[in-house]
$ cat query-v4.txt   # compact mmCIF, C-alpha atoms
# COMPACT_ATOMS: atom_id res chain seq x y z
CA MET I 1 -31.97 -19.07 -5.49
CA ARG I 2 -32.10 -17.77 -9.06
CA CYS I 3 -30.56 -18.99 -12.27
CA PHE I 4 -28.54 -17.06 -14.83
CA HIS I 5 -29.99 -15.48 -17.91
CA ASN I 6 -28.21 -16.04 -21.21
CA ALA I 7 -27.01 -12.43 -21.22
CA GLY I 8 -23.36 -12.13 -20.18
CA ILE I 9 -22.81 -15.82 -20.82
CA GLU I 10 -19.02 -15.54 -21.00
CA SER I 11 -18.71 -14.28 -17.41
CA ILE I 12 -21.19 -16.92 -16.28
CA ILE I 13 -19.18 -19.73 -17.90
CA ILE I 14 -16.06 -18.51 -16.09
CA MET I 15 -17.93 -18.50 -12.79
CA VAL I 16 -19.33 -22.01 -13.29
CA GLU I 17 -15.89 -23.34 -14.27
CA ARG I 18 -14.47 -21.94 -11.02
CA GLN I 19 -17.29 -23.48 -9.00
CA THR I 20 -16.89 -26.86 -10.70
CA LYS I 21 -13.33 -27.12 -9.36
CA ARG I 22 -14.73 -27.19 -5.82
CA LYS I 23 -18.09 -28.83 -6.49
CA THR I 24 -19.49 -31.08 -3.76
CA ALA I 25 -22.54 -33.30 -3.51
CA SER I 26 -25.75 -31.34 -4.09
CA ASN I 27 -29.19 -31.77 -2.56
CA SER I 28 -30.69 -31.05 -5.99
CA PRO I 29 -30.47 -34.03 -8.40
CA THR I 30 -28.20 -33.65 -11.39
CA SER I 31 -30.06 -35.84 -13.91
CA TYR I 32 -32.29 -33.05 -15.25
CA THR I 33 -31.86 -32.64 -18.99
CA GLY I 34 -34.21 -29.75 -19.64
CA GLY I 35 -37.84 -29.14 -20.47
CA VAL I 36 -40.88 -27.95 -18.55
CA THR I 37 -42.15 -30.51 -16.03
CA ILE I 38 -45.85 -30.87 -15.21
CA LYS I 39 -46.40 -32.13 -11.68
CA SER I 40 -48.96 -34.76 -10.74
CA ARG I 41 -51.30 -34.29 -7.79
CA ARG I 42 -48.94 -36.34 -5.63
CA GLU I 43 -45.94 -34.33 -6.75
CA LEU I 44 -47.74 -31.05 -6.09
CA ALA I 45 -48.49 -32.26 -2.56
CA ALA I 46 -44.76 -32.84 -2.06
CA MET I 47 -44.03 -29.39 -3.45
CA GLU I 48 -46.46 -27.95 -0.91
CA ARG I 49 -44.65 -29.73 1.94
CA ALA I 50 -41.31 -28.35 0.78
CA GLY I 51 -42.79 -24.88 0.36
CA ALA I 52 -44.32 -24.92 3.83
CA ILE I 53 -40.91 -25.71 5.37
CA VAL I 54 -39.35 -22.81 3.47
CA GLY I 55 -42.13 -20.48 4.60
CA ASP I 56 -41.74 -21.56 8.23
CA THR I 57 -37.98 -21.02 8.03
CA LEU I 58 -38.35 -17.53 6.54
CA THR I 59 -40.81 -16.59 9.29
CA LEU I 60 -38.27 -17.72 11.90
CA LEU I 61 -35.41 -15.88 10.19
CA LYS I 62 -37.40 -12.66 9.98
CA LYS I 63 -38.04 -12.81 13.72
CA SER I 64 -34.34 -13.51 14.35
CA VAL I 65 -32.96 -10.49 12.48
CA GLU I 66 -31.64 -7.82 14.85
CA PRO I 67 -28.54 -5.63 15.15
CA GLY I 68 -25.53 -7.69 16.21
CA ILE I 69 -26.60 -11.08 14.89
CA THR I 70 -24.22 -12.53 12.31
CA THR I 71 -25.20 -13.93 8.95
CA GLY I 72 -23.58 -17.18 10.05
CA GLU I 73 -25.91 -17.38 13.04
CA LEU I 74 -28.90 -16.86 10.74
CA ASN I 75 -27.59 -19.68 8.57
CA ARG I 76 -27.39 -22.02 11.57
CA ILE I 77 -30.95 -21.11 12.62
CA ALA I 78 -32.23 -21.92 9.14
CA ASP I 79 -30.25 -25.15 8.86
CA ARG I 80 -31.59 -26.47 12.18
CA ASN I 81 -35.16 -25.52 11.35
CA ILE I 82 -35.13 -27.12 7.90
CA ARG I 83 -33.66 -30.36 9.26
CA SER I 84 -36.17 -30.45 12.14
CA PHE I 85 -38.86 -31.23 9.55
CA GLY I 86 -36.83 -34.09 8.07
CA ALA I 87 -35.84 -31.96 5.08
CA VAL I 88 -32.40 -30.88 3.89
CA PRO I 89 -31.17 -27.42 2.83
CA THR I 90 -31.25 -27.46 -0.97
CA PHE I 91 -28.51 -24.90 -1.44
CA MET I 92 -25.90 -26.71 0.65
CA GLY I 93 -23.34 -28.07 -1.81
CA TYR I 94 -25.22 -26.81 -4.86
CA HIS I 95 -22.35 -26.24 -7.32
CA GLY I 96 -20.18 -25.96 -4.22
CA PHE I 97 -22.26 -23.36 -2.36
CA PRO I 98 -21.10 -23.70 1.26
CA ALA I 99 -24.21 -22.79 3.28
CA ALA I 100 -27.88 -23.54 3.90
CA ILE I 101 -29.08 -20.07 2.89
CA CYS I 102 -27.95 -17.10 0.87
CA ALA I 103 -27.54 -13.99 3.05
CA SER I 104 -26.95 -10.75 1.12
CA VAL I 105 -26.58 -7.37 2.84
CA ASN I 106 -27.23 -3.87 1.45
CA GLU I 107 -25.64 -3.58 -2.01
CA GLU I 108 -25.32 -7.38 -2.19
CA ILE I 109 -28.15 -8.55 -4.43
CA VAL I 110 -28.06 -12.36 -4.18
CA HIS I 111 -25.83 -15.38 -3.42
CA GLY I 112 -24.19 -13.82 -0.35
CA ILE I 113 -22.32 -16.43 1.70
CA PRO I 114 -23.18 -16.39 5.44
CA GLY I 115 -20.28 -15.87 7.81
CA LYS I 116 -18.92 -13.65 10.57
CA ARG I 117 -20.51 -10.40 9.35
CA ALA I 118 -22.62 -8.82 12.10
CA LEU I 119 -25.70 -6.91 11.02
CA LYS I 120 -25.92 -3.22 11.92
CA GLU I 121 -28.81 -0.87 12.56
CA GLY I 122 -29.96 0.45 9.19
CA ASP I 123 -28.84 -2.55 7.11
CA ILE I 124 -31.19 -4.52 4.93
CA ILE I 125 -30.62 -8.25 4.53
CA LYS I 126 -31.90 -10.57 1.84
CA MET I 127 -32.31 -14.19 2.90
CA ASP I 128 -32.93 -16.89 0.28
CA VAL I 129 -33.97 -20.35 1.50
CA GLY I 130 -34.38 -23.69 -0.23
CA ALA I 131 -35.62 -26.96 1.31
CA THR I 132 -35.84 -30.45 -0.18
CA ILE I 133 -38.20 -33.12 1.17
CA ASP I 134 -39.54 -36.27 -0.47
CA GLY I 135 -37.42 -35.36 -3.49
CA PHE I 136 -39.07 -31.99 -4.15
CA ILE I 137 -37.92 -28.42 -3.58
CA GLY I 138 -39.32 -25.17 -2.25
CA ASP I 139 -37.44 -21.89 -2.80
CA ALA I 140 -38.24 -18.38 -1.57
CA ALA I 141 -36.57 -15.18 -0.39
CA ILE I 142 -37.33 -12.10 1.69
CA SER I 143 -35.69 -8.75 2.39
CA VAL I 144 -35.72 -7.59 6.01
CA ALA I 145 -34.88 -4.30 7.70
CA VAL I 146 -32.31 -4.42 10.51
CA GLY I 147 -33.74 -2.06 13.11
CA THR I 148 -34.65 1.34 11.72
CA VAL I 149 -33.74 1.86 8.07
CA SER I 150 -33.92 4.82 5.72
CA ASP I 151 -37.19 5.74 4.03
CA ALA I 152 -35.62 4.89 0.67
CA ALA I 153 -34.62 1.42 1.86
CA ARG I 154 -38.04 0.72 3.32
CA GLN I 155 -39.77 1.88 0.14
CA LEU I 156 -37.41 -0.21 -1.99
CA MET I 157 -38.31 -3.34 -0.03
CA ALA I 158 -42.04 -2.58 -0.15
CA ASP I 159 -41.98 -1.94 -3.89
CA THR I 160 -39.88 -5.04 -4.63
CA GLU I 161 -42.36 -7.20 -2.73
CA ALA I 162 -45.26 -5.49 -4.53
CA SER I 163 -43.60 -6.18 -7.89
CA LEU I 164 -43.40 -9.86 -6.91
CA TYR I 165 -47.15 -9.94 -6.31
CA ALA I 166 -47.74 -8.12 -9.60
CA GLY I 167 -45.86 -10.96 -11.29
CA ILE I 168 -47.80 -13.60 -9.37
CA ALA I 169 -51.12 -12.02 -10.36
CA ALA I 170 -50.04 -12.30 -14.00
CA ALA I 171 -49.17 -16.01 -13.68
CA GLN I 172 -52.54 -17.27 -14.89
CA PRO I 173 -53.08 -20.51 -16.84
CA GLY I 174 -53.17 -19.72 -20.53
CA LYS I 175 -50.92 -16.67 -20.11
CA ARG I 176 -47.20 -16.72 -20.94
CA ILE I 177 -43.91 -16.14 -19.17
CA GLY I 178 -43.62 -12.74 -20.85
CA ASP I 179 -46.77 -11.61 -19.08
CA ILE I 180 -45.09 -12.21 -15.72
CA GLY I 181 -41.93 -10.35 -16.65
CA ALA I 182 -43.88 -7.45 -18.13
CA ALA I 183 -45.91 -7.10 -14.93
CA VAL I 184 -42.81 -7.05 -12.71
CA GLU I 185 -40.90 -4.72 -15.00
CA GLY I 186 -43.81 -2.35 -15.51
CA TYR I 187 -44.34 -1.95 -11.78
CA ALA I 188 -40.64 -1.43 -11.06
CA VAL I 189 -39.70 0.87 -13.93
CA ALA I 190 -42.68 3.15 -13.23
CA ARG I 191 -41.13 3.75 -9.81
CA GLY I 192 -37.63 4.38 -11.08
CA TYR I 193 -35.84 1.18 -10.05
CA GLY I 194 -33.13 -0.72 -11.86
CA VAL I 195 -34.46 -4.20 -12.70
CA VAL I 196 -31.71 -6.84 -12.50
CA ARG I 197 -31.68 -8.73 -15.80
CA GLN I 198 -28.66 -11.03 -15.51
CA PHE I 199 -30.33 -13.20 -12.85
CA VAL I 200 -33.85 -14.55 -13.29
CA GLY I 201 -36.49 -16.80 -11.78
CA HIS I 202 -36.97 -20.39 -12.87
CA GLY I 203 -39.00 -23.54 -12.92
CA VAL I 204 -38.62 -25.80 -9.89
CA GLY I 205 -39.54 -29.32 -8.83
CA ARG I 206 -37.21 -32.26 -8.31
CA HIS I 207 -34.46 -29.88 -9.43
CA LEU I 208 -33.70 -26.43 -8.13
CA HIS I 209 -33.44 -24.91 -11.60
CA GLU I 210 -35.81 -26.26 -14.21
CA ASP I 211 -37.28 -24.76 -17.35
CA PRO I 212 -38.64 -22.23 -18.01
CA GLN I 213 -36.53 -19.26 -17.07
CA VAL I 214 -38.72 -16.53 -15.55
CA PRO I 215 -37.17 -13.11 -16.22
CA ASN I 216 -38.30 -9.98 -14.38
CA TYR I 217 -38.85 -8.27 -17.71
CA GLY I 218 -40.59 -9.30 -20.89
CA GLU I 219 -43.20 -8.77 -23.54
CA PRO I 220 -46.84 -9.67 -22.87
CA GLY I 221 -48.05 -12.68 -24.83
CA LYS I 222 -44.54 -13.99 -25.48
CA GLY I 223 -42.63 -16.95 -24.09
CA VAL I 224 -43.58 -20.32 -22.62
CA LEU I 225 -47.29 -21.04 -22.10
CA LEU I 226 -48.35 -21.34 -18.44
CA ARG I 227 -50.13 -24.64 -17.84
CA PRO I 228 -51.70 -26.23 -14.74
CA GLY I 229 -49.13 -28.40 -12.96
CA MET I 230 -46.19 -26.12 -13.68
CA CYS I 231 -44.23 -24.84 -10.66
CA ILE I 232 -42.13 -21.70 -10.99
CA CYS I 233 -40.19 -19.25 -8.87
CA ILE I 234 -40.78 -15.55 -9.45
CA GLU I 235 -38.09 -13.40 -7.84
CA PRO I 236 -37.68 -9.73 -8.65
CA MET I 237 -34.39 -8.06 -7.72
CA LEU I 238 -34.68 -4.26 -7.78
CA ASN I 239 -31.91 -1.71 -7.29
CA LEU I 240 -32.01 1.91 -6.17
CA GLY I 241 -29.45 2.55 -8.91
CA THR I 242 -28.81 0.91 -12.26
CA GLU I 243 -29.51 -2.70 -13.22
CA ALA I 244 -25.78 -3.45 -13.62
CA THR I 245 -24.22 -6.15 -11.43
CA THR I 246 -20.78 -7.42 -10.45
CA ILE I 247 -19.69 -10.79 -8.99
CA LEU I 248 -17.20 -10.60 -6.12
CA ASP I 249 -14.00 -12.62 -5.87
CA ASP I 250 -15.72 -15.35 -3.83
CA ASP I 251 -17.34 -16.33 -7.17
CA TRP I 252 -20.79 -16.17 -5.58
CA THR I 253 -21.82 -12.82 -4.13
CA VAL I 254 -23.56 -10.57 -6.66
CA VAL I 255 -23.50 -6.84 -5.91
CA THR I 256 -24.81 -3.71 -7.57
CA ALA I 257 -22.14 -2.26 -9.84
CA ASP I 258 -22.75 1.25 -8.46
CA GLY I 259 -22.95 0.26 -4.77
CA ALA I 260 -26.64 1.16 -4.50
CA LEU I 261 -29.04 -0.76 -2.25
CA SER I 262 -30.86 -3.77 -3.66
CA ALA I 263 -33.89 -5.79 -2.52
CA HIS I 264 -35.04 -9.30 -3.42
CA PHE I 265 -38.27 -11.23 -2.84
CA GLU I 266 -39.25 -14.67 -4.14
CA HIS I 267 -42.05 -17.21 -3.96
CA THR I 268 -42.49 -20.69 -5.36
CA LEU I 269 -45.94 -21.06 -6.89
CA ALA I 270 -47.95 -23.71 -8.67
CA ILE I 271 -50.01 -22.88 -11.73
CA THR I 272 -53.50 -24.32 -11.21
CA LYS I 273 -56.65 -24.21 -13.34
CA ASP I 274 -57.94 -21.57 -10.91
CA GLY I 275 -54.82 -19.42 -11.00
CA PRO I 276 -51.45 -19.22 -9.22
CA LYS I 277 -51.08 -20.85 -5.79
CA ILE I 278 -48.25 -19.64 -3.54
CA LEU I 279 -46.47 -22.65 -1.96
CA THR I 280 -43.97 -20.74 0.21
CA ALA I 281 -46.30 -18.47 2.22
CA HIS I 282 -44.84 -16.99 5.41
CA ASP I 283 -45.70 -14.46 8.11
$ encode --input "query-v4.txt" --output "structure tokens"
Amino acid sequence: MRCFHNAGIESIIIMVERQTKRKTASNSPTSYTGGVTIKSRRELAAMERAGAIVGDTLTLLKKSVEPGITTGELNRIADRNIRSFGAVPTFMGYHGFPAAICASVNEEIVHGIPGKRALKEGDIIKMDVGATIDGFIGDAAISVAVGTVSDAARQLMADTEASLYAGIAAAQPGKRIGDIGAAVEGYAVARGYGVVRQFVGHGVGRHLHEDPQVPNYGEPGKGVLLRPGMCICIEPMLNLGTEATTILDDDWTVVTADGALSAHFEHTLAITKDGPKILTAHD
């Protein structure tokens, strides 16, 4: 699950104010006051446990996607699997979010609320999963084809995932956040995609959204220094059309402004002295 960028802050404030009116208890602590957190060896081990649960859940969800299944059924599958490990779904109750996962279909980019919608042949679905165990959080997302999809949709998903790995390759100790964004953006723009800018990746640990923000665009050599012990989520969102987005009346679901297809992939990774380590690996 991604955080907001400072761009478009007025619309974001309105959205948060609406959510606050129906806010419930969150599985992500609320005492975070900002700043980059460096995890100890013990804390990194907890992050790995959380990431492994997320990866296992995404593997199960990918196998479960088929025409006719509802997004609500996928949510129940994820909820049961996360809890079977003794973890809790991080997103449930986060600023009032009512489900264990985000399930976004076709032109829906992120934050889709699972429900009665049945998937159809040719759809693509983005599933974003968070799990909290021992006080630490893993967060990752995949895009999955429902049956046979168009060549454009399949290429969009492949290129979005490839842009994620371009960003991960750039997440080396001693590099900066701008190097990650530049790698993602460079890969995506060269292939003609709209790179969503309003929603970005983030630091993660005891809290779902920690510093630093991790945009999918940037300037090499700029931004926060990457240091061993940092944990971040990189999550490109690429559109077949423009980068512009709209938030639906449910105050959550983000869609492409032009109705074009969108794809989303995400991993939680730890910065180590030997390079980035993916904590949310899945099949």
$ residues_near_point --input "query-v4.txt" --point "(-34.5, -30.8, -2.2)" --cutoff "8 Å" --atoms "all atoms listed in the file" --output "list in words"
Asn27, Ser28, Ala50, Ala87, Val88, Pro89, Thr90, Gly130, Ala131, Thr132, Ile133, Asp134, Gly135, Phe136, Ile137, Gly138, Arg206, His207 and Leu208 of chain I
$ residues_near_point --input "query-v4.txt" --point "(-29.3, -23.0, -4.1)" --cutoff "6 Å" --atoms "only C-alpha atoms" --output "PDB file with C-alpha atoms, in the frame of the given file"
ATOM      1  CA  MET I   1     -31.970 -19.070  -5.490  1.00  0.00           C
ATOM      2  CA  THR I  90     -31.250 -27.460  -0.970  1.00  0.00           C
ATOM      3  CA  PHE I  91     -28.510 -24.900  -1.440  1.00  0.00           C
ATOM      4  CA  TYR I  94     -25.220 -26.810  -4.860  1.00  0.00           C
TER       5      TYR I  94
END
$ closest_residue --input "query-v4.txt" --among "I:Ile168, I:Ala152, I:Val214, I:Ile142" --to "Arg191 of chain I" --atoms "all atoms listed in the file"
I:Ala152
$ atom_distance --input "query-v4.txt" --atom1 "atom CA of Val149 of chain I" --atom2 "atom CA of Met237 of chain I"
18.7 Å
$ atom_distance --input "query-v4.txt" --atom1 "atom CA of Ala183 of chain I" --atom2 "atom CA of Lys277 of chain I"
17.3 Å
$ closest_residue --input "query-v4.txt" --among "I:Pro212, I:Ala99, I:Asn106, I:Gly229" --to "Arg42 of chain I" --atoms "all atoms listed in the file"
I:Gly229
$ residues_around --input "query-v4.txt" --residues "Ser163 of chain I" --least-positions-apart "6" --cutoff "7 Å" --atoms "only C-alpha atoms" --output "JSON, numbers by chain"
{"I": [184, 187, 188, 236]}
$ atom_distance --input "query-v4.txt" --atom1 "atom CA of Glu210 of chain I" --atom2 "atom CA of Cys231 of chain I"
9.2 Å
$ closest_residue --input "query-v4.txt" --among "I:Ser84, I:Asp151, I:Gly112, I:Lys175" --to "Asp250 of chain I" --atoms "all atoms listed in the file"
I:Gly112
$ residues_around --input "query-v4.txt" --residues "Ala45 of chain I" --least-positions-apart "6" --cutoff "10 Å" --atoms "all atoms listed in the file" --output "ChimeraX atom specification"
/I:39,51,136,279
$ residues_around --input "query-v4.txt" --residues "Asp56 of chain I" --least-positions-apart "2" --cutoff "10 Å" --atoms "only C-alpha atoms" --output "mmCIF file with C-alpha atoms, in the frame of the given file"
data_model
loop_
_atom_site.group_PDB
_atom_site.id
_atom_site.type_symbol
_atom_site.label_atom_id
_atom_site.label_comp_id
_atom_site.auth_asym_id
_atom_site.auth_seq_id
_atom_site.Cartn_x
_atom_site.Cartn_y
_atom_site.Cartn_z
ATOM 1 C CA GLY I 51 -42.790 -24.880 0.360
ATOM 2 C CA ALA I 52 -44.320 -24.920 3.830
ATOM 3 C CA ILE I 53 -40.910 -25.710 5.370
ATOM 4 C CA VAL I 54 -39.350 -22.810 3.470
ATOM 5 C CA LEU I 58 -38.350 -17.530 6.540
ATOM 6 C CA THR I 59 -40.810 -16.590 9.290
ATOM 7 C CA LEU I 60 -38.270 -17.720 11.900
ATOM 8 C CA LEU I 61 -35.410 -15.880 10.190
ATOM 9 C CA ALA I 78 -32.230 -21.920 9.140
ATOM 10 C CA ASN I 81 -35.160 -25.520 11.350
ATOM 11 C CA ILE I 82 -35.130 -27.120 7.900
ATOM 12 C CA THR I 280 -43.970 -20.740 0.210
ATOM 13 C CA ALA I 281 -46.300 -18.470 2.220
ATOM 14 C CA HIS I 282 -44.840 -16.990 5.410
ATOM 15 C CA ASP I 283 -45.700 -14.460 8.110
#
$ closest_residue --input "query-v4.txt" --among "I:Leu238, I:Ile69, I:Ile124, I:Leu248" --to "Val189 of chain I" --atoms "only C-alpha atoms"
I:Leu238
$ closest_residue --input "query-v4.txt" --among "I:Asp249, I:Glu219, I:Glu66, I:Glu243" --to "Thr148 of chain I" --atoms "only C-alpha atoms"
I:Glu66
$ closest_residue --input "query-v4.txt" --among "I:Gln198, I:Asn216, I:Thr57, I:Thr253" --to "Ala141 of chain I" --atoms "all atoms listed in the file"
I:Thr57
$ residues_around --input "query-v4.txt" --residues "His202 of chain I" --least-positions-apart "6" --cutoff "12 Å" --atoms "all atoms listed in the file" --output "ChimeraX atom specification"
/I:1-5,34-37,138-140,177,180-181,208-216,224,230-236,266-269
$ write_last_selection --input "query-v4.txt" --atoms "C-alpha atoms" --output "PDB file, in the frame of the given file"
ATOM      1  CA  MET I   1     -31.970 -19.070  -5.490  1.00  0.00           C
ATOM      2  CA  ARG I   2     -32.100 -17.770  -9.060  1.00  0.00           C
ATOM      3  CA  CYS I   3     -30.560 -18.990 -12.270  1.00  0.00           C
ATOM      4  CA  PHE I   4     -28.540 -17.060 -14.830  1.00  0.00           C
ATOM      5  CA  HIS I   5     -29.990 -15.480 -17.910  1.00  0.00           C
ATOM      6  CA  GLY I  34     -34.210 -29.750 -19.640  1.00  0.00           C
ATOM      7  CA  GLY I  35     -37.840 -29.140 -20.470  1.00  0.00           C
ATOM      8  CA  VAL I  36     -40.880 -27.950 -18.550  1.00  0.00           C
ATOM      9  CA  THR I  37     -42.150 -30.510 -16.030  1.00  0.00           C
ATOM     10  CA  GLY I 138     -39.320 -25.170  -2.250  1.00  0.00           C
ATOM     11  CA  ASP I 139     -37.440 -21.890  -2.800  1.00  0.00           C
ATOM     12  CA  ALA I 140     -38.240 -18.380  -1.570  1.00  0.00           C
ATOM     13  CA  ILE I 177     -43.910 -16.140 -19.170  1.00  0.00           C
ATOM     14  CA  ILE I 180     -45.090 -12.210 -15.720  1.00  0.00           C
ATOM     15  CA  GLY I 181     -41.930 -10.350 -16.650  1.00  0.00           C
ATOM     16  CA  LEU I 208     -33.700 -26.430  -8.130  1.00  0.00           C
ATOM     17  CA  HIS I 209     -33.440 -24.910 -11.600  1.00  0.00           C
ATOM     18  CA  GLU I 210     -35.810 -26.260 -14.210  1.00  0.00           C
ATOM     19  CA  ASP I 211     -37.280 -24.760 -17.350  1.00  0.00           C
ATOM     20  CA  PRO I 212     -38.640 -22.230 -18.010  1.00  0.00           C
ATOM     21  CA  GLN I 213     -36.530 -19.260 -17.070  1.00  0.00           C
ATOM     22  CA  VAL I 214     -38.720 -16.530 -15.550  1.00  0.00           C
ATOM     23  CA  PRO I 215     -37.170 -13.110 -16.220  1.00  0.00           C
ATOM     24  CA  ASN I 216     -38.300  -9.980 -14.380  1.00  0.00           C
ATOM     25  CA  VAL I 224     -43.580 -20.320 -22.620  1.00  0.00           C
ATOM     26  CA  MET I 230     -46.190 -26.120 -13.680  1.00  0.00           C
ATOM     27  CA  CYS I 231     -44.230 -24.840 -10.660  1.00  0.00           C
ATOM     28  CA  ILE I 232     -42.130 -21.700 -10.990  1.00  0.00           C
ATOM     29  CA  CYS I 233     -40.190 -19.250  -8.870  1.00  0.00           C
ATOM     30  CA  ILE I 234     -40.780 -15.550  -9.450  1.00  0.00           C
ATOM     31  CA  GLU I 235     -38.090 -13.400  -7.840  1.00  0.00           C
ATOM     32  CA  PRO I 236     -37.680  -9.730  -8.650  1.00  0.00           C
ATOM     33  CA  GLU I 266     -39.250 -14.670  -4.140  1.00  0.00           C
ATOM     34  CA  HIS I 267     -42.050 -17.210  -3.960  1.00  0.00           C
ATOM     35  CA  THR I 268     -42.490 -20.690  -5.360  1.00  0.00           C
ATOM     36  CA  LEU I 269     -45.940 -21.060  -6.890  1.00  0.00           C
TER      37      LEU I 269
END
